[in-house]
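Novice: File name input-v4.tsv; file contents TSV, C-alpha atoms; full text below.
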```tsv
chain	number	residue	atom	x	y	z
A	1	MET	CA	70.90	85.18	86.28
A	2	PHE	CA	70.94	85.97	90.01
A	3	ALA	CA	67.22	86.83	90.04
A	4	TRP	CA	66.47	83.74	87.95
A	5	TYR	CA	68.19	81.47	90.47
A	6	GLN	CA	66.40	83.25	93.32
A	7	ARG	CA	63.05	82.13	91.97
A	8	SER	CA	63.99	78.43	91.84
A	9	GLY	CA	62.21	75.87	94.00
A	10	LEU	CA	64.98	73.26	93.96
A	11	CYS	CA	68.59	73.45	92.75
A	12	LEU	CA	70.56	70.41	91.62
A	13	VAL	CA	74.31	70.92	91.21
A	14	TYR	CA	75.46	68.18	88.84
A	15	LEU	CA	79.25	67.73	88.99
A	16	ASP	CA	80.34	65.56	86.05
A	17	ASP	CA	83.93	65.37	87.30
A	18	VAL	CA	83.12	63.98	90.76
A	19	ARG	CA	83.27	60.23	91.33
A	20	ASP	CA	80.92	58.15	93.46
A	21	GLY	CA	81.76	56.72	96.86
A	22	GLU	CA	84.17	59.44	97.99
A	23	ASP	CA	83.99	61.34	101.23
A	24	PRO	CA	84.10	65.09	100.42
A	25	GLU	CA	85.98	65.56	103.68
A	26	TRP	CA	88.91	63.73	102.09
A	27	LEU	CA	91.43	66.33	100.91
A	28	ALA	CA	92.18	64.40	97.70
A	29	SER	CA	88.52	63.84	96.82
A	30	THR	CA	87.34	64.74	93.31
A	31	PHE	CA	84.65	66.89	94.90
A	32	ARG	CA	87.26	69.30	96.24
A	33	LYS	CA	88.99	69.36	92.84
A	34	SER	CA	85.85	69.92	90.78
A	35	ARG	CA	86.08	72.55	88.05
A	36	TRP	CA	82.79	74.00	89.27
A	37	PHE	CA	84.55	75.66	92.20
A	38	THR	CA	86.85	77.64	89.89
A	39	ARG	CA	84.13	79.20	87.70
A	40	GLY	CA	83.04	82.81	87.92
A	41	TRP	CA	79.36	81.98	87.42
A	42	THR	CA	79.51	79.56	90.34
A	43	LEU	CA	79.02	82.44	92.80
A	44	PRO	CA	75.46	83.37	91.75
A	45	GLU	CA	74.63	79.69	91.30
A	46	LEU	CA	75.78	78.97	94.83
A	47	LEU	CA	74.47	82.04	96.65
A	48	ALA	CA	71.29	83.16	94.91
A	49	PRO	CA	68.93	80.22	95.61
A	50	SER	CA	66.87	80.34	98.79
A	51	CYS	CA	65.68	76.78	98.18
A	52	THR	CA	67.27	73.43	98.88
A	53	MET	CA	70.48	72.93	96.91
A	54	VAL	CA	71.64	69.35	96.38
A	55	PHE	CA	75.08	68.37	95.05
A	56	LEU	CA	75.28	65.29	92.82
A	57	THR	CA	78.10	63.13	91.43
A	58	ARG	CA	78.57	62.28	87.76
A	59	SER	CA	76.26	59.27	88.19
A	60	TRP	CA	73.62	61.41	89.95
A	61	SER	CA	74.40	60.12	93.43
A	62	ARG	CA	73.69	62.55	96.25
A	63	ILE	CA	76.73	64.13	97.96
A	64	GLY	CA	74.94	66.52	100.29
A	65	THR	CA	73.23	69.91	100.47
A	66	ARG	CA	74.62	73.42	100.65
A	67	GLN	CA	73.82	73.44	104.36
A	68	SER	CA	75.36	70.06	105.19
A	69	LEU	CA	78.48	70.77	103.12
A	70	ALA	CA	78.88	74.37	104.32
A	71	PRO	CA	82.19	73.85	106.22
A	72	ILE	CA	83.78	72.18	103.17
A	73	LEU	CA	82.34	74.78	100.80
A	74	GLU	CA	83.85	77.50	102.97
A	75	GLU	CA	87.31	75.96	102.50
A	76	LEU	CA	86.82	75.81	98.73
A	77	THR	CA	85.16	79.20	98.14
A	78	LYS	CA	86.31	81.40	101.08
A	79	ILE	CA	82.63	82.17	101.75
A	80	ASP	CA	81.81	81.97	105.45
A	81	ALA	CA	79.97	78.78	106.39
A	82	THR	CA	77.29	80.77	108.25
A	83	VAL	CA	76.35	82.41	104.95
A	84	LEU	CA	76.18	79.08	103.14
A	85	ALA	CA	74.30	77.28	105.91
A	86	THR	CA	71.39	79.70	106.08
A	87	ASP	CA	68.23	78.95	104.09
A	88	ASP	CA	68.33	82.35	102.35
A	89	PRO	CA	71.89	83.75	102.13
A	90	ARG	CA	70.92	87.06	100.51
A	91	ALA	CA	70.55	89.12	103.70
A	92	MET	CA	73.94	87.96	104.98
A	93	ILE	CA	75.53	88.55	101.57
A	94	TYR	CA	74.40	92.16	101.41
A	95	SER	CA	75.58	92.85	104.97
A	96	THR	CA	79.06	91.52	104.14
A	97	SER	CA	81.70	94.11	103.25
A	98	LEU	CA	82.29	94.89	99.59
A	99	ALA	CA	85.92	93.77	99.78
A	100	THR	CA	85.01	90.40	101.27
A	101	ARG	CA	82.41	89.79	98.58
A	102	MET	CA	85.00	90.71	95.96
A	103	SER	CA	87.45	88.25	97.54
A	104	TRP	CA	85.01	85.42	96.81
A	105	ALA	CA	85.54	86.10	93.09
A	106	ALA	CA	89.35	86.23	93.23
A	107	GLY	CA	91.05	83.59	91.11
A	108	ARG	CA	87.89	82.51	89.29
A	109	LYS	CA	87.73	81.96	85.54
A	110	THR	CA	85.12	82.71	82.89
A	111	SER	CA	85.04	81.92	79.17
A	112	ARG	CA	84.62	85.60	78.31
A	113	PRO	CA	86.69	88.16	80.25
A	114	GLU	CA	83.75	90.53	80.75
A	115	ASP	CA	81.82	87.82	82.61
A	116	ARG	CA	84.17	88.15	85.59
A	117	ALA	CA	82.36	91.44	86.23
A	118	TYR	CA	78.92	90.57	84.87
A	119	SER	CA	78.66	87.45	87.04
A	120	LEU	CA	78.98	89.64	90.16
A	121	MET	CA	76.08	92.01	89.54
A	122	GLY	CA	73.67	90.03	91.70
A	123	ILE	CA	76.23	89.60	94.49
A	124	PHE	CA	76.35	93.41	94.78
A	125	ASN	CA	72.67	94.00	93.95
A	126	VAL	CA	73.45	96.24	90.96
A	127	SER	CA	72.61	96.14	87.27
A	128	MET	CA	74.39	97.49	84.21
A	129	PRO	CA	74.39	96.83	80.46
A	130	THR	CA	76.47	93.89	79.27
A	131	ILE	CA	78.83	95.01	76.49
A	132	TYR	CA	80.80	92.02	75.26
A	133	GLY	CA	83.97	93.21	73.59
A	134	GLU	CA	84.66	96.04	76.06
A	135	GLY	CA	87.24	93.87	77.85
A	136	GLY	CA	87.44	92.56	81.38
A	137	PRO	CA	89.15	95.59	83.02
A	138	ARG	CA	86.64	98.05	81.57
A	139	ALA	CA	83.68	95.90	82.62
A	140	PHE	CA	85.06	95.59	86.14
A	141	HIS	CA	85.66	99.35	86.29
A	142	ARG	CA	82.01	99.96	85.36
A	143	LEU	CA	80.89	97.43	87.96
A	144	GLN	CA	82.74	99.28	90.71
A	145	LEU	CA	81.21	102.60	89.66
A	146	GLU	CA	77.73	101.06	89.84
A	147	ILE	CA	78.51	99.73	93.32
A	148	ILE	CA	79.70	103.18	94.44
A	149	ARG	CA	76.36	104.68	93.38
A	150	GLN	CA	74.60	102.45	95.91
A	151	SER	CA	77.10	101.93	98.73
A	152	ASN	CA	79.31	104.04	101.02
A	153	ASP	CA	81.47	101.07	102.04
A	154	HIS	CA	85.13	102.19	102.06
A	155	SER	CA	86.45	98.62	101.82
A	156	LEU	CA	86.07	98.80	98.03
A	157	PHE	CA	89.18	101.01	98.06
A	158	ALA	CA	91.22	98.76	100.38
A	159	TRP	CA	92.37	96.28	97.75
A	160	GLY	CA	95.82	94.84	97.18
A	161	GLN	CA	98.52	94.01	99.68
A	162	HIS	CA	98.21	96.31	102.66
A	163	THR	CA	101.56	97.95	103.31
A	164	LYS	CA	102.51	98.58	106.92
A	165	HIS	CA	102.80	102.24	107.80
A	166	ALA	CA	106.57	101.94	108.27
A	167	ASP	CA	106.85	100.70	104.69
A	168	SER	CA	104.84	103.69	103.52
A	169	GLU	CA	107.52	105.95	104.92
A	170	ALA	CA	110.11	103.82	103.14
A	171	LEU	CA	108.52	104.77	99.81
A	172	LEU	CA	110.21	108.15	100.04
A	173	GLU	CA	113.59	106.67	100.87
A	174	ALA	CA	113.31	104.23	97.94
A	175	ALA	CA	112.35	107.06	95.60
A	176	ALA	CA	115.27	109.19	96.75
A	177	ALA	CA	117.78	106.33	96.44
A	178	LYS	CA	116.77	105.65	92.83
A	179	ASN	CA	116.26	109.31	91.96
A	180	HIS	CA	112.61	108.70	91.06
A	181	SER	CA	109.49	110.47	92.18
A	182	VAL	CA	106.97	108.57	94.29
A	183	SER	CA	104.38	108.88	91.53
A	184	GLU	CA	106.76	107.32	88.98
A	185	MET	CA	107.62	104.35	91.21
A	186	PHE	CA	104.26	103.65	92.75
A	187	ALA	CA	101.61	104.80	90.28
A	188	GLY	CA	98.35	103.35	91.56
A	189	SER	CA	94.61	103.54	91.07
A	190	LEU	CA	91.79	104.08	93.52
A	191	LEU	CA	89.80	101.26	91.91
A	192	ALA	CA	91.03	97.71	91.38
A	193	ALA	CA	91.74	96.22	87.96
A	194	SER	CA	90.11	92.83	88.65
A	195	PRO	CA	88.57	90.76	91.47
A	196	ASP	CA	91.99	89.16	91.93
A	197	ASP	CA	93.16	92.38	93.62
A	198	PHE	CA	90.83	91.55	96.53
A	199	SER	CA	92.36	88.15	97.32
A	200	GLU	CA	93.38	89.40	100.79
A	201	GLY	CA	89.95	90.83	101.62
A	202	THR	CA	88.35	87.65	102.95
A	203	ASN	CA	88.01	88.92	106.53
A	204	MET	CA	87.46	92.61	105.98
A	205	TRP	CA	84.81	94.53	107.89
A	206	ALA	CA	83.21	97.88	107.20
A	207	THR	CA	82.62	100.19	110.18
A	208	PRO	CA	80.61	103.35	110.84
A	209	LEU	CA	82.43	106.55	109.97
A	210	SER	CA	82.16	107.65	113.60
A	211	ALA	CA	84.22	104.63	114.66
A	212	LEU	CA	86.98	105.70	112.27
A	213	THR	CA	87.13	109.32	113.40
A	214	ASP	CA	86.80	108.46	117.10
A	215	THR	CA	89.68	106.01	116.81
A	216	LEU	CA	91.91	108.50	115.04
A	217	GLY	CA	90.92	111.42	117.20
A	218	ALA	CA	89.74	113.23	114.07
A	219	PRO	CA	86.79	115.61	113.60
A	220	PRO	CA	83.55	113.96	112.46
A	221	ILE	CA	82.93	113.23	108.79
A	222	ARG	CA	79.91	115.25	107.67
A	223	GLU	CA	79.52	113.75	104.18
A	224	SER	CA	79.12	109.99	104.19
A	225	HIS	CA	78.56	109.62	100.45
A	226	PHE	CA	81.16	109.79	97.72
A	227	GLU	CA	80.80	110.12	93.99
A	228	ASP	CA	82.71	109.80	90.74
A	229	THR	CA	83.19	113.18	89.06
A	230	ASN	CA	85.21	114.45	86.09
A	231	ALA	CA	87.80	115.70	88.63
A	232	GLY	CA	88.10	112.30	90.37
A	233	MET	CA	86.37	110.53	93.22
A	234	ARG	CA	84.93	113.19	95.53
A	235	ILE	CA	85.11	111.88	99.08
A	236	GLN	CA	85.52	113.21	102.61
A	237	LEU	CA	88.23	111.42	104.60
A	238	PRO	CA	90.50	111.97	107.60
A	239	LEU	CA	93.97	112.90	106.35
A	240	ARG	CA	97.32	113.10	108.07
A	241	ARG	CA	100.45	114.35	106.37
A	242	LEU	CA	103.09	111.67	106.16
A	243	TYR	CA	105.80	113.89	104.89
A	244	SER	CA	106.27	117.15	103.04
A	245	GLU	CA	109.53	117.33	101.15
A	246	SER	CA	110.93	120.48	99.57
A	247	PRO	CA	108.45	122.79	97.77
A	248	ASN	CA	109.04	120.88	94.52
A	249	GLY	CA	109.00	117.43	96.11
A	250	PRO	CA	106.17	114.89	96.67
A	251	HIS	CA	103.65	115.35	99.47
A	252	LEU	CA	102.38	112.07	100.90
A	253	TYR	CA	99.34	111.67	103.16
A	254	TYR	CA	97.63	108.90	105.06
A	255	ALA	CA	93.88	108.70	104.45
A	256	GLY	CA	91.85	106.67	106.91
A	257	LEU	CA	89.19	104.25	105.64
A	258	ALA	CA	86.22	103.02	107.65
A	259	CYS	CA	87.20	99.36	107.45
A	260	TYR	CA	89.57	96.88	109.06
A	261	SER	CA	90.94	93.43	108.33
A	262	VAL	CA	91.12	90.58	110.85
A	263	SER	CA	93.80	87.89	110.64
A	264	GLY	CA	94.92	85.02	112.85
A	265	LEU	CA	92.96	82.54	114.92
A	266	GLY	CA	91.80	82.52	118.53
A	267	TRP	CA	94.18	84.26	120.88
A	268	GLU	CA	96.46	85.22	117.99
A	269	ASN	CA	93.82	87.42	116.36
A	270	ARG	CA	94.94	90.80	115.06
A	271	ALA	CA	92.96	93.60	113.46
A	272	ASP	CA	94.55	96.00	111.00
A	273	TRP	CA	92.80	99.33	110.51
A	274	LEU	CA	93.17	100.20	106.83
A	275	GLY	CA	93.79	103.33	104.84
A	276	LEU	CA	95.45	104.74	101.76
A	277	VAL	CA	98.74	106.44	100.99
A	278	LEU	CA	97.89	109.45	98.82
A	279	LEU	CA	100.12	111.71	96.77
A	280	LYS	CA	98.99	115.34	96.68
A	281	VAL	CA	99.04	116.66	93.13
A	282	ASP	CA	97.03	119.88	93.53
A	283	LYS	CA	95.18	121.88	96.18
A	284	ASP	CA	92.40	119.31	96.80
A	285	THR	CA	93.46	116.63	94.31
A	286	TYR	CA	95.34	113.46	95.21
A	287	ALA	CA	96.56	110.31	93.47
A	288	CYS	CA	96.29	106.94	95.19
A	289	VAL	CA	99.68	105.33	95.77
A	290	ARG	CA	98.54	102.16	97.54
A	291	SER	CA	96.51	100.80	100.45
A	292	CYS	CA	98.19	100.57	103.85
A	293	VAL	CA	97.73	99.75	107.52
A	294	ILE	CA	97.19	102.82	109.69
A	295	GLY	CA	96.63	101.05	113.00
A	296	GLU	CA	96.76	97.66	114.73
A	297	ALA	CA	95.22	95.97	117.73
A	298	LYS	CA	95.33	92.56	119.40
A	299	GLU	CA	92.54	91.16	121.48
A	300	GLY	CA	92.56	87.41	121.97
A	301	GLY	CA	89.40	85.40	122.34
A	302	HIS	CA	86.95	88.28	122.10
A	303	ALA	CA	84.83	89.88	119.44
A	304	TRP	CA	86.47	92.81	117.73
A	305	ARG	CA	85.38	96.26	118.81
A	306	THR	CA	86.32	99.03	116.41
A	307	ASP	CA	86.58	101.62	119.18
A	308	ARG	CA	89.45	99.65	120.71
A	309	LEU	CA	91.72	99.71	117.69
A	310	VAL	CA	94.91	101.64	118.18
A	311	ALA	CA	95.73	104.31	115.61
A	312	LEU	CA	99.13	105.53	114.55
A	313	PRO	CA	100.87	107.99	116.86
A	314	ARG	CA	99.76	111.47	115.91
A	315	ALA	CA	103.26	112.94	115.81
A	316	GLN	CA	105.36	110.08	114.49
A	317	PRO	CA	108.63	111.37	112.98
A	318	VAL	CA	109.74	110.21	109.57
A	319	ALA	CA	112.43	107.55	109.87
A	320	GLY	CA	115.69	107.09	108.03
A	321	LEU	CA	117.89	109.28	105.90
A	322	ILE	CA	115.06	111.41	104.52
A	323	GLY	CA	113.69	112.03	107.99
A	324	ARG	CA	117.09	113.16	109.30
A	325	LEU	CA	117.74	115.34	106.27
A	326	GLY	CA	114.25	116.84	106.44
A	327	ARG	CA	114.63	117.76	110.11
A	328	PHE	CA	118.04	119.33	109.41
A	329	LEU	CA	116.54	121.49	106.65
A	330	GLY	CA	113.46	122.33	108.67
A	331	TRP	CA	110.94	120.51	106.48
A	332	SER	CA	107.61	119.68	108.13
A	333	GLU	CA	106.86	116.18	109.36
A	334	THR	CA	103.64	114.41	110.41
A	335	SER	CA	100.60	116.28	111.66
A	336	GLU	CA	97.28	115.73	113.40
A	337	TRP	CA	94.40	114.08	111.57
A	338	GLU	CA	92.05	116.47	109.79
A	339	VAL	CA	88.89	115.75	107.79
A	340	LYS	CA	88.85	117.15	104.27
A	341	THR	CA	86.76	116.80	101.15
A	342	ILE	CA	89.17	115.78	98.41
A	343	TYR	CA	89.26	114.44	94.86
A	344	ILE	CA	91.18	111.22	94.19
A	345	LEU	CA	92.20	110.75	90.59
A	346	MET	CA	90.67	107.79	88.75
A	347	SER	CA	92.45	105.88	86.01
A	348	ASP	CA	90.33	104.92	83.01
A	349	SER	CA	90.21	101.20	82.37
```
Would you put the structure from the file into structure tokens?

Specialist:
Amino acid sequence: MFAWYQRSGLCLVYLDDVRDGEDPEWLASTFRKSRWFTRGWTLPELLAPSCTMVFLTRSWSRIGTRQSLAPILEELTKIDATVLATDDPRAMIYSTSLATRMSWAAGRKTSRPEDRAYSLMGIFNVSMPTIYGEGGPRAFHRLQLEIIRQSNDHSLFAWGQHTKHADSEALLEAAAAKNHSVSEMFAGSLLAASPDDFSEGTNMWATPLSALTDTLGAPPIRESHFEDTNAGMRIQLPLRRLYSESPNGPHLYYAGLACYSVSGLGWENRADWLGLVLLKVDKDTYACVRSCVIGEAKEGGHAWRTDRLVALPRAQPVAGLIGRLGRFLGWSETSEWEVKTIYILMSDS
């Protein structure tokens, strides 16, 4: 479908639930409430054409073009107006982070659950067989694996609500208080279950691996690619031990990702450098607990520079009861960042 729309010479978007004579700027206008903006297949229809796209009311009256309506369309779709206003959005789409592109699909609906994944193939410039009946989660899992085969963008792993690093340390205290292991309480997956998991990825940016390691003070990453294997996702990342409990207890690590999220406006801007909390289950094998923030920076009124983000302190002690008990018993605490090739377990969808 994406390629088919790309070849069009003129696109007419007929909205049968939009009345005549309304200003689309009006917050209560039927244009803003149109069902078309909630559909999964709307994304390729909106982004694929490089021709003029004209929006029409139910009586075929002209509302405007994709370019003229770009600021309003941004509010309704979360897609940046600069992408929508260009004559050919494809180049800007493919330079946008994977997580941000996924966020455009969050909350959308399709008649068949598998189409939530299939409708995104063109957005990520991948192809895969359509297998109706496999279910939405399985189709989305396959989509992410196809994306991984073509992209080294870490933001695909930075889905969900990003826990602050202090909260990551609280995972251990919560587990101890309820007499549960971390893996029992916070079983996670490296890959998301649906596009909805990326709802917070609207302003996420991928960075070069060198920016990540320079910021953390870690050795350089020699392997930029990662791949799905029968032992898990093989990937080289900077790791820092969060806490090592007793020999039989859980071992948590921070893993840095080459991406960050920007929030706020103007002088209140803040960038959160993102990573993962991993649970070590074997020598080089880890399970993903959840995504987290590993560093923050504030820089009002200026463009973000990844080399100015501030990473976590390299020798931050573990807080709370577990930290005090661990120090009393001589358990090890946090360490320097080191780059390792590891395997992160994948859950089958």

Novice: Record the distance separating atom CA of Asn125 of chain A and atom CA of Val13 of chain A, expressed in Å with one decimal.

Specialist: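 If I compute the distance from atom CA of Asn125 of chain A to atom CA of Val13 of chain A, I get 23.3 Å.
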
Novice: Which value, in Å to one decimal, gives the distance between atom CA of Asp272 of chain A and atom CA of Ser95 of chain A?

Specialist: 20.2 Å

Novice: Closest to Thr65 of chain A among A:Trp337, A:Arg101, A:Asp80, A:Cys11, using only C-alpha atoms?

Specialist: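 Once distances to Thr65 of chain A are computed over only C-alpha atoms, the minimum belongs to A:Cys11.
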
Novice: What is the distance between atom CA of Phe124 of chain A and atom CA of Tyr5 of chain A, in Å to one decimal?

Specialist: 15.1 Å

Novice: If I put a ball of radius 6 Å at (86.7, 97.3, 105.6) in the file's coordinates, which residues poke into it when counting all atoms listed in the file, written as a compact mmCIF listing (two decimals) with C-alpha atoms, in the coordinates of the input?

Specialist:
```txt
# COMPACT_ATOMS: atom_id res chain seq x y z
CA SER A 155 86.45 98.62 101.82
CA MET A 204 87.46 92.61 105.98
CA TRP A 205 84.81 94.53 107.89
CA ALA A 206 83.21 97.88 107.20
CA CYS A 259 87.20 99.36 107.45
CA TYR A 260 89.57 96.88 109.06
```

Novice: Pick out the residues sitting within 12 Å of Phe140 of chain A, and hand them over as a PyMOL selection string; count only C-alpha atoms, and ignore anything fewer than 6 positions along from it in its own chain.

Specialist: chain A and resi 102+105+113-121+128+130-131+134+146-147+191-197+348-349

Novice: When you count all atoms listed in the file, which of these residues is closest to Gly201 of chain A: A:Arg112, A:His141, A:Arg290, A:Lys78?

Specialist: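 Looking only at the distances to Gly201 of chain A, the closest residue turns out to be A:Lys78.
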
Novice: Using all atoms listed in the file and a cutoff of 10 Å, can you tell me which residues are near (79.8, 110.8, 107.3) in the file's coordinates, and write them out as a VMD selection string?

Specialist: chain A and resid 152 208 to 210 213 220 to 226 235 to 237

Novice: Just want the 7 Å neighbourhood of Ala85 of chain A, counted on all atoms listed in the file, with same-chain residues fewer than 6 positions away dropped. Output as a list in words.

Specialist: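 Final neighbour list, sorted by chain and number: Arg66, Gln67 and Ala70 of chain A.
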
Novice: Rank A:Thr207, A:Thr229, A:Ser291, A:Ser68 by their smallest atom-to-atom distance to Phe55 of chain A, using all atoms listed in the file, and report the top residue only.

Specialist: A:Ser68

Novice: Please determine, counting all atoms listed in the file, which residue among A:Leu345, A:Val18, A:Val339, A:Leu239 has the shortest atom-to-atom distance to Asp282 of chain A.

Specialist: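 Once distances to Asp282 of chain A are computed over all atoms listed in the file, the minimum belongs to A:Leu345.
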